Amino acid sequence: MQILVPKHYVKTEDLEGPLFFLAGPIRGGDDWQKTCAELIAKKLPECSIAIPYYHSKELHFPLLDIAAQGDVTFFERQLNWERHYIEEAAKHGCLIFWLPNESKVNPRTDGAYATDTRGEIGRWSIELKYNPTYRIVVGAEPEFPSLDVLHRNFNFDQGKDVVFYKTLEELVDAAIEKVR
């Protein structure tokens, strides 16, 4: 398994297996990315996983210690890194959106929870509408705020009922199925 973190650039042809991009709340979302990466690696060891955060005292797990060391001057900003690998994953791997409930122990303290993620889901719902070959899966804990609105909007954009997975395990299984 290969882990990609901002702003390290690794050429697509140098990635190990399919690329998964983990999109979802960072601040206030606990360490769902750690659990998700471990679940993917257990089922598909030859893969690359892009995780859009750095280590910090609040967010750290050992997999980040072995992150790929690519060119850090390639992307001017983290957003450029994210957009590049999100698109690569949607085309050649799988873009995974997970919406966990906000942490009761470590809630976000500097703004509304999951605001960026909501916008990204809306954007990629439209992208998927016009390019149905993109590989995207979405999952959420059932109590995620306004989940019903997100799901209805996604369904409206797709013109059909799209499954929103209820557990991280189901979501990972669906993502792996998309790359097979």
# chains A, B, ... in the order shown; residues from 1 in each chain; ligands from 1
call {"tool": "select_by_dssp", "arguments": {"residues": "stretch 3-175 of chain A", "states": "strand (DSSP E)", "output": "count of residues only"}}
result
23
call {"tool": "residues_around", "arguments": {"residues": "A:Gln158", "least_positions_apart": "4", "cutoff": "10 Å", "atoms": "only C-alpha atoms", "output": "list of chain:residue names"}}
result
A:Ser125, A:Ile126, A:Glu127, A:Leu128, A:Lys129, A:Tyr130, A:Pro132, A:Arg152, A:Asn153, A:Phe154, A:Val162
call {"tool": "write_last_selection", "arguments": {"atoms": "N, CA, C and O atoms", "output": "short mmCIF file (atom, residue, chain, number, x, y, z; two decimals), in the first residue's frame"}}
result
data_model
loop_
_atom_site.label_atom_id
_atom_site.label_comp_id
_atom_site.auth_asym_id
_atom_site.auth_seq_id
_atom_site.Cartn_x
_atom_site.Cartn_y
_atom_site.Cartn_z
N SER A 125 -21.35 15.16 -7.67
CA SER A 125 -22.63 14.63 -8.12
C SER A 125 -22.92 15.13 -9.54
O SER A 125 -23.35 14.37 -10.41
N ILE A 126 -22.63 16.40 -9.78
CA ILE A 126 -22.81 16.96 -11.12
C ILE A 126 -21.78 16.38 -12.09
O ILE A 126 -22.12 16.04 -13.23
N GLU A 127 -20.53 16.24 -11.65
CA GLU A 127 -19.50 15.62 -12.51
C GLU A 127 -19.94 14.23 -12.94
O GLU A 127 -19.82 13.86 -14.11
N LEU A 128 -20.47 13.46 -11.99
CA LEU A 128 -20.92 12.09 -12.28
C LEU A 128 -22.10 12.09 -13.25
O LEU A 128 -22.20 11.22 -14.12
N LYS A 129 -22.97 13.08 -13.11
CA LYS A 129 -24.12 13.18 -14.02
C LYS A 129 -23.66 13.27 -15.46
O LYS A 129 -24.23 12.64 -16.35
N TYR A 130 -22.62 14.05 -15.71
CA TYR A 130 -22.15 14.27 -17.08
C TYR A 130 -21.04 13.31 -17.49
O TYR A 130 -20.68 13.28 -18.66
N PRO A 132 -20.78 9.46 -16.42
CA PRO A 132 -21.18 8.32 -15.60
C PRO A 132 -20.11 7.23 -15.47
O PRO A 132 -20.31 6.28 -14.72
N ARG A 152 -31.17 13.23 -1.43
CA ARG A 152 -32.17 13.63 -2.42
C ARG A 152 -31.54 14.41 -3.56
O ARG A 152 -31.84 14.18 -4.73
N ASN A 153 -30.64 15.34 -3.24
CA ASN A 153 -29.96 16.12 -4.28
C ASN A 153 -29.11 15.22 -5.17
O ASN A 153 -29.10 15.39 -6.40
N PHE A 154 -28.39 14.29 -4.57
CA PHE A 154 -27.56 13.36 -5.34
C PHE A 154 -28.44 12.53 -6.27
O PHE A 154 -28.15 12.38 -7.45
N VAL A 162 -29.52 6.44 -5.76
CA VAL A 162 -28.13 6.06 -5.55
C VAL A 162 -27.98 5.60 -4.11
O VAL A 162 -28.46 6.25 -3.18
#
call {"tool": "residues_around", "arguments": {"residues": "stretch 111-118 of chain A", "least_positions_apart": "2", "cutoff": "12 Å", "atoms": "only C-alpha atoms", "output": "VMD selection string"}}
result
chain A and resid 22 to 30 52 79 96 to 104 106 to 109 120 to 125 138 140 144 to 147 149 to 151 153 to 154
call {"tool": "closest_residue", "arguments": {"among": "A:Lys34, A:Arg77, A:Lys7, A:Arg135", "to": "A:Phe20", "atoms": "only C-alpha atoms"}}
result
A:Arg135
call {"tool": "closest_residue", "arguments": {"among": "A:Met1, A:Asn80, A:Cys47, A:Pro142", "to": "A:Leu168", "atoms": "only C-alpha atoms"}}
result
A:Pro142
call {"tool": "atom_distance", "arguments": {"atom1": "atom CA of A:Ile51", "atom2": "atom CA of A:Ala67"}}
result
9.6 Å
call {"tool": "atom_distance", "arguments": {"atom1": "atom CA of A:Glu46", "atom2": "atom CA of A:Tyr165"}}
result
23.8 Å
call {"tool": "closest_residue", "arguments": {"among": "A:Arg180, A:Asn131, A:His84, A:Val172", "to": "A:Gln33", "atoms": "only C-alpha atoms"}}
result
A:Val172
call {"tool": "closest_residue", "arguments": {"among": "A:Arg83, A:Ile176, A:Phe164, A:Gly119", "to": "A:Ala41", "atoms": "only C-alpha atoms"}}
result
A:Ile176
